[in-house]
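Peer 1: What follows is query-v3.txt; its format and atoms are compact mmCIF, C-alpha atoms.
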```
# COMPACT_ATOMS: atom_id res chain seq x y z
CA MET A 1 -51.38 40.77 -55.96
CA PRO A 2 -54.12 42.71 -57.77
CA ILE A 3 -51.67 45.19 -59.38
CA ILE A 4 -49.79 43.53 -62.25
CA ILE A 5 -46.66 45.18 -63.65
CA ASN A 6 -46.44 44.80 -67.44
CA ILE A 7 -42.98 46.21 -68.11
CA ASP A 8 -42.14 43.33 -70.49
CA VAL A 9 -44.82 44.48 -72.95
CA MET A 10 -43.38 48.01 -73.09
CA LEU A 11 -39.82 46.66 -73.26
CA ALA A 12 -40.81 44.59 -76.29
CA LYS A 13 -42.53 47.61 -77.91
CA ARG A 14 -39.48 49.81 -77.38
CA LYS A 15 -37.13 46.96 -78.31
CA MET A 16 -35.22 47.44 -75.11
CA GLN A 17 -33.62 44.86 -72.86
CA SER A 18 -34.21 44.69 -69.10
CA LYS A 19 -30.57 45.36 -68.36
CA GLU A 20 -30.63 48.52 -70.48
CA LEU A 21 -33.78 49.77 -68.75
CA ALA A 22 -32.31 49.06 -65.31
CA GLU A 23 -29.22 51.12 -66.19
CA LYS A 24 -31.33 53.97 -67.61
CA ILE A 25 -33.55 54.25 -64.54
CA GLY A 26 -30.74 53.69 -62.03
CA ILE A 27 -31.84 50.50 -60.32
CA THR A 28 -30.15 47.12 -60.24
CA ALA A 29 -31.15 44.33 -62.62
CA VAL A 30 -32.18 42.31 -59.56
CA ASN A 31 -34.59 45.04 -58.41
CA LEU A 32 -36.05 45.33 -61.91
CA SER A 33 -36.56 41.58 -61.91
CA ILE A 34 -38.31 41.83 -58.53
CA LEU A 35 -40.59 44.49 -60.04
CA LYS A 36 -41.34 42.47 -63.20
CA THR A 37 -42.09 39.24 -61.33
CA GLY A 38 -44.57 40.91 -58.98
CA LYS A 39 -42.49 40.36 -55.85
CA ALA A 40 -42.12 44.06 -55.12
CA LYS A 41 -44.28 45.56 -52.35
CA GLY A 42 -44.42 48.81 -54.25
CA PHE A 43 -42.32 51.40 -55.97
CA ARG A 44 -41.48 55.01 -55.42
CA PHE A 45 -42.87 57.78 -57.60
CA ASP A 46 -39.41 58.72 -58.80
CA THR A 47 -38.85 55.13 -59.96
CA LEU A 48 -42.20 55.19 -61.80
CA GLU A 49 -41.29 58.55 -63.34
CA ALA A 50 -37.91 57.18 -64.50
CA ILE A 51 -39.55 54.05 -66.02
CA CYS A 52 -42.14 56.13 -67.88
CA LYS A 53 -39.45 58.48 -69.17
CA ALA A 54 -37.19 55.61 -70.32
CA LEU A 55 -40.04 53.68 -71.99
CA GLU A 56 -41.86 56.81 -73.23
CA CYS A 57 -45.15 55.64 -71.79
CA GLN A 58 -47.81 56.45 -69.22
CA PRO A 59 -48.08 54.76 -65.80
CA GLY A 60 -51.22 52.98 -66.97
CA ASP A 61 -49.24 51.34 -69.77
CA ILE A 62 -47.12 49.38 -67.37
CA MET A 63 -49.62 48.70 -64.58
CA GLU A 64 -52.85 46.78 -64.64
CA TYR A 65 -55.44 46.09 -61.94
CA VAL A 66 -56.79 42.53 -61.89
CA GLU A 67 -59.38 41.70 -59.25
CA GLU A 68 -58.44 38.64 -57.20
CA MET B 1 -25.28 57.05 -35.66
CA LYS B 2 -21.60 57.93 -36.09
CA LYS B 3 -21.29 58.58 -32.34
CA ILE B 4 -22.86 55.21 -31.56
CA LYS B 5 -20.50 53.47 -33.98
CA SER B 6 -17.48 55.18 -32.43
CA LEU B 7 -18.61 54.38 -28.89
CA ALA B 8 -19.45 50.79 -29.85
CA GLY B 9 -16.04 50.44 -31.46
CA ILE B 10 -14.30 51.61 -28.29
CA LEU B 11 -16.42 49.34 -26.10
CA PHE B 12 -15.72 46.42 -28.45
CA TYR B 13 -11.97 46.80 -27.97
CA ILE B 14 -12.36 47.24 -24.19
CA SER B 15 -14.47 44.05 -24.04
CA ARG B 16 -11.91 42.16 -26.10
CA ILE B 17 -9.11 43.32 -23.80
CA CYS B 18 -11.12 42.21 -20.75
CA ALA B 19 -11.86 38.84 -22.40
CA LEU B 20 -8.22 38.29 -23.24
CA GLY B 21 -7.30 39.36 -19.72
CA TYR B 22 -9.58 36.72 -18.23
CA ALA B 23 -8.30 34.11 -20.68
CA LEU B 24 -4.68 34.89 -19.84
CA LEU B 25 -5.47 34.82 -16.12
CA ALA B 26 -7.21 31.45 -16.50
CA ILE B 27 -4.34 29.93 -18.48
CA TYR B 28 -1.70 31.44 -16.21
CA SER B 29 -3.51 30.36 -13.01
CA ALA B 30 -4.11 26.85 -14.33
CA THR B 31 -0.43 26.57 -15.27
CA SER B 32 0.59 27.92 -11.89
CA LEU B 33 -1.70 25.55 -9.98
CA LEU B 34 -0.67 22.53 -12.02
CA THR B 35 3.08 23.14 -11.95
CA GLY B 36 3.51 25.08 -8.72
CA TRP B 37 5.32 27.85 -10.65
CA LYS B 38 4.72 31.35 -9.16
CA LEU B 39 2.45 29.75 -6.56
CA ILE B 40 2.52 30.00 -2.79
CA THR B 41 0.31 27.86 -0.59
CA ASN B 42 -0.39 28.85 3.03
CA GLY B 43 -2.27 25.82 4.25
CA ALA B 44 -5.89 26.75 3.55
CA TYR B 45 -5.14 29.32 0.83
CA PHE B 46 -3.05 29.65 -2.29
CA ASN B 47 -1.58 32.79 -3.85
CA VAL B 48 -0.84 33.08 -7.54
CA LEU B 49 2.06 35.48 -7.97
CA SER B 50 2.63 37.97 -10.76
CA PRO B 51 4.96 36.60 -13.46
CA PHE B 52 7.09 39.76 -13.40
CA THR B 53 7.15 40.57 -9.70
CA ASP B 54 6.51 38.26 -6.78
CA LYS B 55 3.40 40.06 -5.62
CA PRO B 56 0.24 37.98 -5.22
CA ILE B 57 -2.37 38.77 -7.88
CA LEU B 58 -4.90 36.05 -7.15
CA ILE B 59 -5.88 34.30 -3.93
CA GLY B 60 -8.14 31.32 -3.34
CA GLU B 61 -8.96 28.41 -1.09
CA ASN B 62 -6.54 25.54 -1.43
CA ASN B 63 -9.01 22.75 -2.24
CA LEU B 64 -9.77 21.14 -5.58
CA PRO B 65 -13.55 21.83 -5.81
CA TYR B 66 -12.97 25.53 -5.06
CA ILE B 67 -10.14 25.71 -7.56
CA ILE B 68 -12.25 24.18 -10.33
CA PHE B 69 -15.74 25.62 -9.67
CA ASP B 70 -15.12 28.89 -7.82
CA PHE B 71 -11.89 29.94 -9.45
CA LEU B 72 -11.04 28.55 -12.89
CA LEU B 73 -14.65 28.16 -14.03
CA VAL B 74 -15.37 31.78 -13.08
CA LEU B 75 -12.35 33.02 -15.06
CA ILE B 76 -13.37 30.96 -18.11
CA LEU B 77 -17.01 32.03 -17.92
CA TYR B 78 -16.08 35.71 -17.67
CA PHE B 79 -13.78 35.27 -20.68
CA ILE B 80 -16.82 33.96 -22.58
CA PHE B 81 -19.03 36.75 -21.21
CA PHE B 82 -16.67 39.54 -22.31
CA TRP B 83 -16.05 37.86 -25.68
CA LEU B 84 -19.82 37.69 -26.37
CA LEU B 85 -20.22 41.23 -25.04
CA GLY B 86 -17.58 42.36 -27.54
CA ASN B 87 -19.56 40.68 -30.32
CA VAL B 88 -22.69 42.57 -29.19
CA PHE B 89 -20.84 45.90 -29.34
CA LYS B 90 -19.47 44.95 -32.76
CA VAL B 91 -23.08 44.62 -33.97
CA PHE B 92 -23.46 48.39 -33.59
CA THR B 93 -20.39 49.06 -35.73
CA GLU B 94 -21.74 47.09 -38.72
CA PRO B 95 -22.91 49.12 -41.74
CA ARG B 96 -26.16 47.12 -41.84
CA LEU B 97 -27.58 47.07 -38.31
CA PHE B 98 -30.59 44.82 -38.81
CA SER B 99 -29.27 41.49 -40.06
CA ASN B 100 -29.68 37.84 -39.11
CA ARG B 101 -26.01 37.64 -38.17
CA ASN B 102 -26.42 40.48 -35.67
CA ILE B 103 -29.53 38.90 -34.22
CA ARG B 104 -27.52 35.69 -33.73
CA GLN B 105 -24.82 37.58 -31.77
CA LEU B 106 -27.49 39.09 -29.51
CA LYS B 107 -29.05 35.64 -29.11
CA TYR B 108 -25.79 34.01 -27.99
CA PHE B 109 -25.30 36.82 -25.46
CA TYR B 110 -28.76 36.64 -23.93
CA LEU B 111 -28.78 32.84 -23.84
CA ALA B 112 -25.41 32.84 -22.08
CA ASN B 113 -26.55 35.43 -19.53
CA ILE B 114 -29.91 33.80 -18.81
CA PHE B 115 -28.98 30.11 -18.78
CA VAL B 116 -25.32 29.84 -17.75
CA PRO B 117 -24.86 31.69 -14.43
CA THR B 118 -27.50 29.80 -12.40
CA PRO B 119 -26.29 26.27 -13.24
CA ALA B 120 -22.68 27.39 -12.77
CA VAL B 121 -23.46 28.78 -9.31
CA LEU B 122 -25.50 25.70 -8.37
CA LEU B 123 -22.62 23.50 -9.45
CA ALA B 124 -20.21 25.57 -7.37
CA TYR B 125 -22.64 25.47 -4.42
CA ILE B 126 -22.54 21.66 -4.40
CA PHE B 127 -18.83 21.70 -3.78
CA SER B 128 -18.23 24.91 -1.82
CA THR B 129 -19.92 27.94 -0.23
CA ILE B 130 -21.39 30.82 -2.22
CA ASP B 131 -21.25 34.47 -1.16
CA ARG B 132 -24.38 36.64 -1.29
CA ASP B 133 -22.59 38.83 -3.85
CA ILE B 134 -22.59 35.93 -6.29
CA ILE B 135 -26.41 35.71 -6.11
CA ILE B 136 -26.61 39.43 -6.91
CA LEU B 137 -24.26 38.86 -9.88
CA VAL B 138 -26.45 36.02 -11.16
CA ILE B 139 -29.53 38.26 -10.93
CA LEU B 140 -27.69 41.07 -12.75
CA HIS B 141 -26.66 38.71 -15.56
CA PHE B 142 -30.26 37.51 -15.80
CA ILE B 143 -31.51 41.10 -16.13
CA ILE B 144 -28.85 41.87 -18.78
CA GLY B 145 -29.97 38.72 -20.61
CA ILE B 146 -33.62 39.76 -20.55
CA PHE B 147 -32.81 43.26 -21.88
CA THR B 148 -30.70 41.76 -24.65
CA TYR B 149 -33.57 39.38 -25.49
CA PHE B 150 -35.87 42.39 -25.91
CA LEU B 151 -33.22 44.04 -28.09
CA ALA B 152 -32.96 40.91 -30.24
CA GLU B 153 -36.74 40.90 -30.72
CA ILE B 154 -36.60 44.57 -31.77
CA PHE B 155 -33.83 43.70 -34.23
CA LYS B 156 -35.97 40.85 -35.66
CA ARG B 157 -38.75 43.36 -36.28
CA GLY B 158 -36.16 45.65 -37.84
CA VAL B 159 -35.00 42.90 -40.20
CA ASN B 160 -38.60 42.26 -41.29
CA LEU B 161 -39.25 45.95 -41.87
CA GLN B 162 -35.94 46.28 -43.73
CA ASN B 163 -36.72 43.32 -45.98
CA GLU B 164 -40.12 44.83 -46.71
CA GLN B 165 -38.54 48.21 -47.43
CA ASP B 166 -36.04 46.55 -49.75
CA LEU B 167 -39.00 45.36 -51.78
CA TYR B 168 -40.05 48.97 -52.43
CA ILE B 169 -38.20 49.68 -55.67
```
What does this structure look like when you write it as C-alpha cells?
Peer 2:
Amino acid sequence: MPIIINIDVMLAKRKMQSKELAEKIGITAVNLSILKTGKAKGFRFDTLEAICKALECQPGDIMEYVEE
Amino acid sequence: MKKIKSLAGILFYISRICALGYALLAIYSATSLLTGWKLITNGAYFNVLSPFTDKPILIGENNLPYIIFDFLLVLILYFIFFWLLGNVFKVFTEPRLFSNRNIRQLKYFYLANIFVPTPAVLLAYIFSTIDRDIIILVILHFIIGIFTYFLAEIFKRGVNLQNEQDLYI
C-alpha cells in the first residue's frame, strides 16, 4: 500500500507504548496493531485527530506516501 | 431492526414447536405402527389414534412402502425442514447479522429445500402413487430454496463489506 503509517517512530519519540496510545485514543490494541502493520483499509478523521492529539504531532508525521 | 428481531424470535419459536410436533408425531406413529398400540387397521387403511382420546389423528394406506416413504419419511423430512427454518429465523435475532455461521445456516436451508424434496418424491413414486399437490409442494420448496440461496449470497457480500469496514480504524 502506498501510504505507510509510521506511528512507531512517534511512539518512540514520545516514549509511549502502543497499549497506552490505544487507551488514550479509544481503540483496541488489536486495531492499533492493524493500523501499524499496514493492514488497515483506512482510518476515520476522528481517529487521526485523536492520534495526533495523543502524540502531539501533525498527520504528516505519522503518514508517508511511498510510490509502488 | 428491533421489530425484525422480535418477529424473527417469535417465528423461531413457532418453527421449533412445529419441528418438535413433527418429531413427536413421527416417533409416536412409528411406535404405534410397530407395536399396534393406539392403532386401528381397516383393511386398506390404518388410523393412528390420539394418545389421550381414541380419536384418529393420522390416517394412511396400510402397506409398507406407503408407511415408510409417504408417511414416516414425510414426517421426518418436515421435522428437518422446520428445524432448519427455525435456524434461519434465529439468524435474524443474532447481534451480528453478517457472519459465516449465519451464512452456513442459510446454506443448509437452501440445500435441503433444493436437493431433498425431488429425490424424496421420486423415491416415494417408485413405491406408491403421488398426488398432484405433492408436485406443487416440491416446486414451492424449490422456490424457497432459490430465494434463500439469493439471501445467502447477499449475506456473503455483507460479510465481505463488514470485514472491510472493520479494517477502517
Peer 1: Residues near range 65-67 of chain A, anyone? I mean within 7 Å using all atoms listed in the file, not counting same-chain ones fewer than 2 positions away, as a list of chain:residue names.
Peer 2: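 These residues fall inside the cut-off: A:Pro2, A:Ile3, A:Ile4, A:Met63.
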Peer 1: Please measure the separation of CA of Ala26 in chain B and CA of Thr93 in chain B, giving the value in Å to one decimal.
Peer 2: 29.2 Å
Peer 1: Quick check, in Å to one decimal: how far apart do CA of Phe109 in chain B and CA of Pro95 in chain B lie?
Peer 2: 20.5 Å
Peer 1: Taking a cut-off of 12 Å and counting all atoms listed in the file, can you build a table that, for each residue of range 39-146 of chain B near range 28-34 of chain B, reports the nearest atom pair and how far apart they are in Å (one decimal), sorted by chain then residue number, as JSON lines?
Peer 2:
```
{"residue": "B:Leu39", "atom": "CA", "partner": "B:Ser32", "partner_atom": "CA", "distance": 5.9}
{"residue": "B:Ile40", "atom": "CA", "partner": "B:Leu33", "partner_atom": "CA", "distance": 9.5}
{"residue": "B:Thr41", "atom": "CA", "partner": "B:Leu33", "partner_atom": "CA", "distance": 9.9}
{"residue": "B:Tyr45", "atom": "CA", "partner": "B:Leu33", "partner_atom": "CA", "distance": 12.0}
{"residue": "B:Phe46", "atom": "CA", "partner": "B:Leu33", "partner_atom": "CA", "distance": 8.8}
{"residue": "B:Asn47", "atom": "CA", "partner": "B:Leu33", "partner_atom": "CA", "distance": 9.5}
{"residue": "B:Val48", "atom": "CA", "partner": "B:Ser29", "partner_atom": "CA", "distance": 6.7}
{"residue": "B:Leu49", "atom": "CA", "partner": "B:Ser32", "partner_atom": "CA", "distance": 8.6}
{"residue": "B:Ser50", "atom": "CA", "partner": "B:Tyr28", "partner_atom": "CA", "distance": 9.5}
{"residue": "B:Pro51", "atom": "CA", "partner": "B:Tyr28", "partner_atom": "CA", "distance": 8.9}
{"residue": "B:Pro56", "atom": "CA", "partner": "B:Ser29", "partner_atom": "CA", "distance": 11.5}
{"residue": "B:Ile57", "atom": "CA", "partner": "B:Ser29", "partner_atom": "CA", "distance": 9.9}
{"residue": "B:Leu58", "atom": "CA", "partner": "B:Ser29", "partner_atom": "CA", "distance": 8.3}
{"residue": "B:Ile59", "atom": "CA", "partner": "B:Ser29", "partner_atom": "CA", "distance": 10.2}
{"residue": "B:Gly60", "atom": "CA", "partner": "B:Ser29", "partner_atom": "CA", "distance": 10.8}
{"residue": "B:Glu61", "atom": "CA", "partner": "B:Leu33", "partner_atom": "CA", "distance": 11.8}
{"residue": "B:Asn62", "atom": "CA", "partner": "B:Leu33", "partner_atom": "CA", "distance": 9.8}
{"residue": "B:Asn63", "atom": "CA", "partner": "B:Leu33", "partner_atom": "CA", "distance": 11.0}
{"residue": "B:Leu64", "atom": "CA", "partner": "B:Leu33", "partner_atom": "CA", "distance": 10.2}
{"residue": "B:Ile67", "atom": "CA", "partner": "B:Leu33", "partner_atom": "CA", "distance": 8.8}
{"residue": "B:Ile68", "atom": "CA", "partner": "B:Ala30", "partner_atom": "CA", "distance": 9.5}
{"residue": "B:Phe71", "atom": "CA", "partner": "B:Ser29", "partner_atom": "CA", "distance": 9.1}
{"residue": "B:Leu72", "atom": "CA", "partner": "B:Ala30", "partner_atom": "CA", "distance": 7.3}
{"residue": "B:Leu73", "atom": "CA", "partner": "B:Ala30", "partner_atom": "CA", "distance": 10.6}
{"residue": "B:Val74", "atom": "CA", "partner": "B:Ser29", "partner_atom": "CA", "distance": 11.9}
{"residue": "B:Leu75", "atom": "CA", "partner": "B:Ser29", "partner_atom": "CA", "distance": 9.5}
{"residue": "B:Ile76", "atom": "CA", "partner": "B:Ala30", "partner_atom": "CA", "distance": 10.8}
```
Peer 1: Excluding Ala40 in chain A and any residue of its chain fewer than 6 positions from it, enumerate the residues within 6 Å of it, using only C-alpha atoms, and give them as a PyMOL selection string.
Peer 2: (chain A and resi 34) or (chain B and resi 167-168)
Peer 1: Could you jot down the CA of Ala23 in chain B to CA of Leu85 in chain B separation for me, Å, one decimal place?
Peer 2: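 These atoms are spaced 14.6 Å apart.
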Peer 1: Per residue of chain A within 6 Å of chain B, what are the shortest atom pair and its distance in Å to one decimal, counting all atoms listed in the file, with rows by chain and residue number, as a tab-separated table?
Peer 2:
```
residue	atom	partner	partner_atom	distance
A:Ala40	CA	B:Leu167	CA	4.8
A:Lys41	CA	B:Leu167	CA	5.3
A:Gly42	CA	B:Tyr168	CA	4.7
A:Phe43	CA	B:Ile169	CA	4.5
```
Peer 1: Please provide as an NGL selection string all residues within 12 Å of Phe45 in chain A, with the sequence filter that same-chain residues fewer than 4 positions apart are discarded (counting all atoms listed in the file).
Peer 2: (:A and (49-52 or 59)) or (:B and (168-169))
Peer 1: List the spatial neighbours of Lys5 in chain B as a PyMOL selection string - criterion: any atom at most 10 Å away, only C-alpha atoms, same-chain residues fewer than 6 positions off excluded.
Peer 2: chain B and resi 11+89-95
Peer 1: Could you check the closest approach to Ile62 in chain A for each of A:Leu48, A:Met1, A:Ala29, A:Ala22 and tell me which residue wins, using only C-alpha atoms?
Peer 2: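 Answer, going by the shortest atom-to-atom distance: A:Leu48.
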